[in-house]
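Okay, my_file12.csv now, which holds CSV, C-alpha atoms:
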```csv
chain,number,residue,atom,x,y,z
A,28,MET,CA,129.7,104.9,110.9
A,29,GLY,CA,126.5,105.0,108.9
A,30,GLU,CA,123.0,104.4,110.3
A,31,VAL,CA,119.8,103.0,108.9
A,32,ILE,CA,116.6,103.9,110.9
A,33,LEU,CA,113.6,101.9,110.0
A,34,VAL,CA,110.2,103.3,110.9
A,35,ARG,CA,106.9,101.4,110.8
A,36,HIS,CA,104.0,103.3,109.3
A,37,GLY,CA,101.4,104.8,111.5
A,38,GLN,CA,98.3,102.9,112.5
A,39,ALA,CA,96.4,101.8,109.4
A,40,ASN,CA,92.7,100.7,108.9
A,41,SER,CA,93.0,97.7,111.1
A,42,ALA,CA,89.3,96.8,111.0
A,43,SER,CA,89.6,96.0,107.3
A,44,GLN,CA,89.5,92.4,106.0
A,45,ASP,CA,91.5,93.0,102.9
A,46,GLU,CA,94.8,94.7,101.8
A,47,ALA,CA,93.1,97.5,99.8
A,48,GLY,CA,90.9,98.5,102.8
A,49,TYR,CA,93.8,98.2,105.3
A,50,ASP,CA,96.2,100.4,103.3
A,51,ARG,CA,95.4,103.8,104.6
A,52,LEU,CA,96.2,105.6,107.9
A,53,SER,CA,93.7,106.1,110.6
A,54,ASP,CA,93.3,109.5,112.2
A,55,LEU,CA,95.5,108.2,115.1
A,56,GLY,CA,98.0,106.8,112.6
A,57,ARG,CA,98.4,110.2,111.0
A,58,GLN,CA,98.9,111.8,114.5
A,59,GLN,CA,101.5,109.2,115.4
A,60,ALA,CA,103.4,110.2,112.3
A,61,LEU,CA,103.1,113.9,112.9
A,62,TRP,CA,104.5,113.5,116.4
A,63,LEU,CA,107.3,111.3,115.1
A,64,GLY,CA,108.2,113.9,112.5
A,65,ASP,CA,108.5,116.6,115.3
A,66,TRP,CA,110.7,114.2,117.3
A,67,LEU,CA,112.9,113.4,114.3
A,68,ARG,CA,113.5,117.0,113.5
A,69,ASP,CA,114.4,117.8,117.1
A,70,HIS,CA,116.7,114.8,117.7
A,71,GLU,CA,117.8,113.1,114.4
A,72,ALA,CA,117.5,115.2,111.3
A,73,PRO,CA,118.8,115.8,108.8
A,74,PHE,CA,119.0,112.4,107.0
A,75,ASP,CA,121.1,112.0,104.0
A,76,ARG,CA,118.5,109.8,102.3
A,77,VAL,CA,114.8,109.1,103.0
A,78,LEU,CA,113.4,105.9,101.5
A,79,MET,CA,109.7,104.7,101.6
A,80,GLY,CA,107.7,101.8,100.3
A,81,SER,CA,105.2,102.5,97.6
A,82,LEU,CA,102.1,101.6,99.6
A,83,ARG,CA,99.6,104.3,100.5
A,84,ARG,CA,100.2,104.0,104.2
A,85,HIS,CA,104.0,104.5,103.6
A,86,ARG,CA,103.4,107.6,101.6
A,87,GLN,CA,100.9,109.0,104.1
A,88,THR,CA,103.3,108.3,106.9
A,89,ALA,CA,106.2,110.0,105.1
A,90,GLU,CA,104.0,113.0,104.3
A,91,ALA,CA,102.9,113.4,107.9
A,92,ILE,CA,106.5,113.1,109.1
A,93,GLY,CA,107.4,116.0,106.8
A,94,GLU,CA,110.8,117.2,105.9
A,95,VAL,CA,113.7,115.6,107.8
A,96,GLY,CA,116.4,116.0,105.2
A,97,ALA,CA,116.5,114.6,101.7
A,98,ALA,CA,113.3,114.2,99.6
A,99,PRO,CA,111.7,110.8,100.0
A,100,GLU,CA,112.6,108.2,97.4
A,101,GLU,CA,110.1,105.3,96.6
A,102,ASP,CA,111.5,101.8,96.9
A,103,VAL,CA,109.1,98.9,96.4
A,104,ARG,CA,111.5,96.6,98.3
A,105,LEU,CA,110.3,98.2,101.5
A,106,ASN,CA,106.7,97.1,100.8
A,107,GLU,CA,105.0,94.7,103.3
A,108,MET,CA,104.4,91.0,102.8
A,109,ASP,CA,100.9,90.3,101.5
A,110,TYR,CA,99.6,88.9,104.8
A,111,PHE,CA,95.9,88.7,103.7
A,112,ASN,CA,96.9,86.4,100.8
A,113,LEU,CA,99.1,84.4,103.1
A,114,GLY,CA,96.3,84.0,105.6
A,115,ALA,CA,93.9,82.9,102.8
A,116,ALA,CA,96.6,80.4,101.7
A,117,LEU,CA,96.9,79.0,105.2
A,118,ARG,CA,93.1,78.7,105.5
A,119,ASP,CA,93.1,76.7,102.2
A,120,HIS,CA,96.0,74.6,103.3
A,121,SER,CA,95.1,73.7,106.9
A,122,GLY,CA,91.6,75.2,107.6
A,123,ARG,CA,93.1,77.8,109.9
A,124,PRO,CA,90.8,80.9,109.7
A,125,MET,CA,92.1,84.5,109.7
A,126,PRO,CA,92.5,85.8,113.3
A,127,ALA,CA,89.4,87.2,114.9
A,128,GLY,CA,91.5,89.6,117.0
A,129,PRO,CA,94.8,90.3,118.6
A,130,GLU,CA,94.6,87.2,120.8
A,131,ASP,CA,94.3,84.9,117.8
A,132,PHE,CA,97.0,86.8,115.8
A,133,ALA,CA,99.7,85.7,118.2
A,134,SER,CA,99.4,82.0,117.2
A,135,HIS,CA,98.2,82.7,113.6
A,136,ILE,CA,101.4,84.6,112.6
A,137,VAL,CA,103.6,81.8,113.9
A,138,GLU,CA,101.7,79.3,111.7
A,139,VAL,CA,101.9,81.6,108.7
A,140,MET,CA,105.6,82.2,109.0
A,141,GLU,CA,106.4,78.5,109.5
A,142,ALA,CA,104.2,77.4,106.6
A,143,TRP,CA,105.4,80.1,104.3
A,144,HIS,CA,109.1,79.4,105.2
A,145,ALA,CA,108.5,75.7,104.5
A,146,ALA,CA,106.9,76.5,101.1
A,147,LEU,CA,103.6,75.0,102.1
A,148,ILE,CA,101.9,78.3,101.3
A,149,ARG,CA,102.7,81.4,99.4
A,150,GLY,CA,101.2,84.7,98.5
A,151,GLN,CA,102.4,87.0,95.8
A,152,GLU,CA,106.0,85.9,96.5
A,153,THR,CA,107.8,83.1,98.3
A,154,PHE,CA,109.4,83.5,101.7
A,155,ALA,CA,112.8,83.3,100.1
A,156,ASP,CA,111.9,86.1,97.6
A,157,PHE,CA,110.7,88.3,100.4
A,158,GLU,CA,113.8,87.7,102.4
A,159,THR,CA,116.0,88.4,99.4
A,160,ARG,CA,114.4,91.7,98.6
A,161,VAL,CA,114.5,92.9,102.2
A,162,ALA,CA,118.2,92.0,102.6
A,163,ALA,CA,118.9,93.8,99.3
A,164,VAL,CA,117.2,97.1,100.4
A,165,LEU,CA,119.0,96.9,103.7
A,166,GLN,CA,122.3,96.4,101.9
A,167,ALA,CA,121.6,99.3,99.5
A,168,ALA,CA,120.7,101.6,102.5
A,169,ALA,CA,123.7,100.6,104.6
A,170,GLU,CA,126.4,103.0,103.4
A,171,PRO,CA,129.4,104.0,105.6
A,172,GLY,CA,129.0,107.5,106.9
A,173,VAL,CA,125.5,107.9,105.5
A,174,ARG,CA,122.3,108.2,107.6
A,175,VAL,CA,119.1,106.8,106.0
A,176,LEU,CA,115.5,106.8,107.2
A,177,CYS,CA,113.3,104.0,105.8
A,178,VAL,CA,109.5,104.2,106.1
A,179,THR,CA,108.2,100.7,105.9
A,180,SER,CA,106.1,98.0,107.5
A,181,GLY,CA,106.3,95.6,110.4
A,182,GLY,CA,107.0,92.5,108.3
A,183,VAL,CA,110.0,94.2,106.6
A,184,ILE,CA,111.3,95.2,110.0
A,185,GLY,CA,110.8,91.6,111.3
A,186,MET,CA,112.7,90.3,108.3
A,187,VAL,CA,115.6,92.7,109.0
A,188,MET,CA,115.7,91.4,112.5
A,189,ARG,CA,115.8,87.8,111.2
A,190,HIS,CA,118.7,88.8,108.8
A,191,LEU,CA,120.7,90.5,111.6
A,192,LEU,CA,120.0,88.0,114.4
A,193,GLN,CA,119.6,84.8,112.4
A,194,LEU,CA,116.1,84.2,113.7
A,195,ASP,CA,114.2,81.1,112.8
A,196,PRO,CA,110.6,81.7,111.4
A,197,ARG,CA,108.9,81.2,114.8
A,198,ARG,CA,111.2,83.6,116.6
A,199,MET,CA,110.8,86.1,113.7
A,200,ALA,CA,107.0,85.8,114.3
A,201,HIS,CA,107.5,86.6,117.9
A,202,VAL,CA,109.6,89.7,117.0
A,203,LEU,CA,106.8,90.8,114.7
A,204,MET,CA,104.0,90.7,117.2
A,205,PRO,CA,105.0,93.7,119.5
A,206,ILE,CA,106.2,96.1,116.7
A,207,ARG,CA,104.4,99.4,117.4
A,208,ASN,CA,102.9,101.7,114.8
A,209,SER,CA,105.4,104.6,114.1
A,210,SER,CA,108.1,102.8,116.0
A,211,VAL,CA,111.9,103.4,115.4
A,212,HIS,CA,114.4,100.7,114.8
A,213,ARG,CA,118.2,101.3,114.4
A,214,VAL,CA,120.8,99.5,112.4
A,215,MET,CA,124.4,100.6,112.8
A,216,VAL,CA,126.6,100.4,109.7
A,217,ALA,CA,130.1,99.4,110.9
A,218,PRO,CA,133.2,98.6,108.9
A,219,HIS,CA,132.6,94.9,109.5
A,220,GLY,CA,128.9,94.8,108.8
A,221,THR,CA,125.4,95.9,110.0
A,222,ILE,CA,124.6,95.7,113.7
A,223,LEU,CA,121.2,96.0,115.5
A,224,ALA,CA,121.4,99.1,117.7
A,225,GLY,CA,117.7,99.6,118.7
A,226,PHE,CA,114.3,98.0,118.4
A,227,ASN,CA,110.7,99.2,118.7
A,228,ALA,CA,111.4,102.6,120.3
A,229,THR,CA,108.6,105.2,120.4
A,230,PRO,CA,110.2,108.2,122.1
A,231,HIS,CA,107.6,110.5,120.5
A,232,LEU,CA,104.9,108.7,122.5
A,233,ASP,CA,106.8,108.4,125.8
A,234,ILE,CA,104.9,111.1,127.7
A,235,ALA,CA,102.0,110.1,129.8
A,236,ASP,CA,99.2,111.8,127.7
A,237,ARG,CA,100.3,109.9,124.6
A,238,ALA,CA,100.2,106.4,126.1
A,239,PHE,CA,96.9,105.8,124.3
A,240,ALA,CA,98.8,106.1,121.0
A,241,ARG,CA,101.1,103.2,121.6
A,242,THR,CA,99.4,100.7,119.3
A,243,THR,CA,100.4,97.6,117.4
A,244,TYR,CA,97.2,97.3,115.3
```
Full structure transcribed into structure tokens:
Amino acid sequence: MGEVILVRHGQANSASQDEAGYDRLSDLGRQQALWLGDWLRDHEAPFDRVLMGSLRRHRQTAEAIGEVGAAPEEDVRLNEMDYFNLGAALRDHSGRPMPAGPEDFASHIVEVMEAWHAALIRGQETFADFETRVAAVLQAAAEPGVRVLCVTSGGVIGMVMRHLLQLDPRRMAHVLMPIRNSSVHRVMVAPHGTILAGFNATPHLDIADRAFARTTY
């Protein structure tokens, strides 16, 4: 059987109010990725292919992970949804402001996903376009007998979960909320299709003195 392992990037600049400012790893995010790289070399490597999105935080995460098999290949289909634009579109549509903190984000992301799915709002792409490109990159990575590591973002991982588990937009939003920075998600490639085999694991952070590094923002 083959396997696709999806990794969320390390913690980015979560204090930013726009995509350009957000798109870089924090010092903690780089450390999360360094620890993940050590764990992958000890327990998972080598990978037959390594794919990464084209965003800065993807490249920085892949660089910090280091060599785990094949050289990284850039694939823009692994790029995140443009949440800042979607949030602005929701504000213009319904008056809902961007979340002020993690407490507000839990309800905000549900509203965004439902409005985006219903085509009431859009960012740089429609919900259907985002779903199509994520399904396409998963299909391209899912080769029998091949192990692929994908460095990506939480929204892409959430869409993979929707694809595999047939989640509605609200449940997809609920899946998105707890995804940790540098977390590991497994998809088994079986003869009859792809199967979810693991979600939101952070084995490289499972020792007590790294508990502070288990972040979602």
Inset, instruction - Find the residue from A:Pro205, A:Gly93, A:Gly29, A:Pro196 that sits nearest to Asp75 of chain A; use all atoms listed in the file when measuring. - result: A:Gly29
Legend entry - Nearest residue to Ile32 of chain A from the set A:Val211, A:Met186, A:Ala163, A:Arg118 (distances using only C-alpha atoms):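 Checking each of A:Val211, A:Met186, A:Ala163, A:Arg118 against Ile32 of chain A, counting only C-alpha atoms, the winner is A:Val211.
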Inset, instruction - Rounded to one decimal place, report the atom CA of Pro218 of chain A-atom CA of Met28 of chain A distance in Å. - result: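 Interatomic distance here is 7.5 Å.
Pairwise distance (atom CA of Leu33 of chain A, atom CA of Gly150 of chain A) equals 24.1 Å.
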Inset, instruction - For Leu105 of chain A, work out the shell of residues within 10 Å, counting all atoms listed in the file and skipping chain neighbours fewer than 3 positions away, then give it as JSON, numbers by chain. - result: {"A": [33, 78, 79, 80, 81, 82, 85, 101, 102, 108, 157, 160, 161, 163, 164, 165, 177, 178, 179, 180, 182, 183, 184]}
Inset, instruction - Would you list the contacts of Gly128 of chain A as a VMD selection string, taking every protein, DNA or RNA residue within 12 Å and counting only C-alpha atoms, but skipping same-chain residues closer than 6 positions in sequence? - result: chain A and resid 41 to 44 134 to 136 243 to 244
Show me as an mmCIF file with C-alpha atoms, keeping the file's coordinate frame the residues that reach within 12 Å of (95.7, 87.4, 116.0), counting all atoms listed in the file and using the file's own coordinates.
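And here's part-v9.cif as it stands now:
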```
data_model
loop_
_atom_site.group_PDB
_atom_site.id
_atom_site.type_symbol
_atom_site.label_atom_id
_atom_site.label_comp_id
_atom_site.auth_asym_id
_atom_site.auth_seq_id
_atom_site.Cartn_x
_atom_site.Cartn_y
_atom_site.Cartn_z
ATOM 1 C CA SER A 41 93.000 97.700 111.100
ATOM 2 C CA TYR A 110 99.600 88.900 104.800
ATOM 3 C CA GLY A 114 96.300 84.000 105.600
ATOM 4 C CA ARG A 123 93.100 77.800 109.900
ATOM 5 C CA PRO A 124 90.800 80.900 109.700
ATOM 6 C CA MET A 125 92.100 84.500 109.700
ATOM 7 C CA PRO A 126 92.500 85.800 113.300
ATOM 8 C CA ALA A 127 89.400 87.200 114.900
ATOM 9 C CA GLY A 128 91.500 89.600 117.000
ATOM 10 C CA PRO A 129 94.800 90.300 118.600
ATOM 11 C CA GLU A 130 94.600 87.200 120.800
ATOM 12 C CA ASP A 131 94.300 84.900 117.800
ATOM 13 C CA PHE A 132 97.000 86.800 115.800
ATOM 14 C CA ALA A 133 99.700 85.700 118.200
ATOM 15 C CA SER A 134 99.400 82.000 117.200
ATOM 16 C CA HIS A 135 98.200 82.700 113.600
ATOM 17 C CA ILE A 136 101.400 84.600 112.600
ATOM 18 C CA VAL A 137 103.600 81.800 113.900
ATOM 19 C CA GLU A 138 101.700 79.300 111.700
ATOM 20 C CA VAL A 139 101.900 81.600 108.700
ATOM 21 C CA ALA A 200 107.000 85.800 114.300
ATOM 22 C CA HIS A 201 107.500 86.600 117.900
ATOM 23 C CA LEU A 203 106.800 90.800 114.700
ATOM 24 C CA MET A 204 104.000 90.700 117.200
ATOM 25 C CA PRO A 205 105.000 93.700 119.500
ATOM 26 C CA THR A 243 100.400 97.600 117.400
ATOM 27 C CA TYR A 244 97.200 97.300 115.300
#
```
Inset, instruction - Using only C-alpha atoms, determine which residues lie at most 8 Å from Asp50 of chain A, disregarding the query and same-chain residues fewer than 5 positions distant; provide the list as a list of chain:residue names. - result: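 Skipping anything fewer than 5 positions along the chain leaves A:Ala39, A:Asn40, A:Leu82, A:Arg83, A:Arg84.
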Legend entry - All residues 9 Å or closer to Trp62 of chain A, all atoms listed in the file, same chain fewer than 5 positions away omitted, as number ranges by chain: A: 57, 67, 91-92, 231-232
File of the preceding selection, C-alpha atoms, as a PDB file, keeping the file's coordinate frame:
```
ATOM      1  CA  ARG A  57      98.400 110.200 111.000  1.00  0.00           C
ATOM      2  CA  LEU A  67     112.900 113.400 114.300  1.00  0.00           C
ATOM      3  CA  ALA A  91     102.900 113.400 107.900  1.00  0.00           C
ATOM      4  CA  ILE A  92     106.500 113.100 109.100  1.00  0.00           C
ATOM      5  CA  HIS A 231     107.600 110.500 120.500  1.00  0.00           C
ATOM      6  CA  LEU A 232     104.900 108.700 122.500  1.00  0.00           C
TER       7      LEU A 232
END
```
Near-segment 189-195 of chain A list (9 Å; only C-alpha atoms; drop same-chain fewer than 4 positions) as an mmCIF file with C-alpha atoms, in the coordinates of the input:
```
data_model
loop_
_atom_site.group_PDB
_atom_site.id
_atom_site.type_symbol
_atom_site.label_atom_id
_atom_site.label_comp_id
_atom_site.auth_asym_id
_atom_site.auth_seq_id
_atom_site.Cartn_x
_atom_site.Cartn_y
_atom_site.Cartn_z
ATOM 1 C CA GLU A 141 106.400 78.500 109.500
ATOM 2 C CA GLU A 158 113.800 87.700 102.400
ATOM 3 C CA VAL A 161 114.500 92.900 102.200
ATOM 4 C CA ALA A 162 118.200 92.000 102.600
ATOM 5 C CA ILE A 184 111.300 95.200 110.000
ATOM 6 C CA GLY A 185 110.800 91.600 111.300
ATOM 7 C CA MET A 199 110.800 86.100 113.700
ATOM 8 C CA ALA A 200 107.000 85.800 114.300
ATOM 9 C CA VAL A 202 109.600 89.700 117.000
ATOM 10 C CA THR A 221 125.400 95.900 110.000
ATOM 11 C CA ILE A 222 124.600 95.700 113.700
ATOM 12 C CA LEU A 223 121.200 96.000 115.500
#
```
Legend entry - Selected residue of minimal separation from Pro99 of chain A among A:Glu152, A:Leu63, A:Val77, A:Glu46, counting all atoms listed in the file: A:Val77
Inset, instruction - Could you check which of A:Ala235, A:Ala240, A:Val175, A:Ala47 is closest to Val214 of chain A, using only C-alpha atoms? - result: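 Going through A:Ala235, A:Ala240, A:Val175, A:Ala47 one by one, the smallest distance to Val214 of chain A is for A:Val175.
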Legend entry - Point-to-point distance from atom CA of Gln59 of chain A to atom CA of Val173 of chain A, Å rounded to tenths: 26.0 Å
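Here the question is which of A:Ala60, A:Ile234, A:Met215, A:Ala145 gets nearest to Arg197 of chain A using all atoms listed in the file, and that residue is A:Ala145.
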Inset, instruction - Would you mind telling me which residue in A:Arg207, A:His212, A:Arg198, A:Arg104 lies nearest to Thr159 of chain A when using all atoms listed in the file? - result: A:Arg104
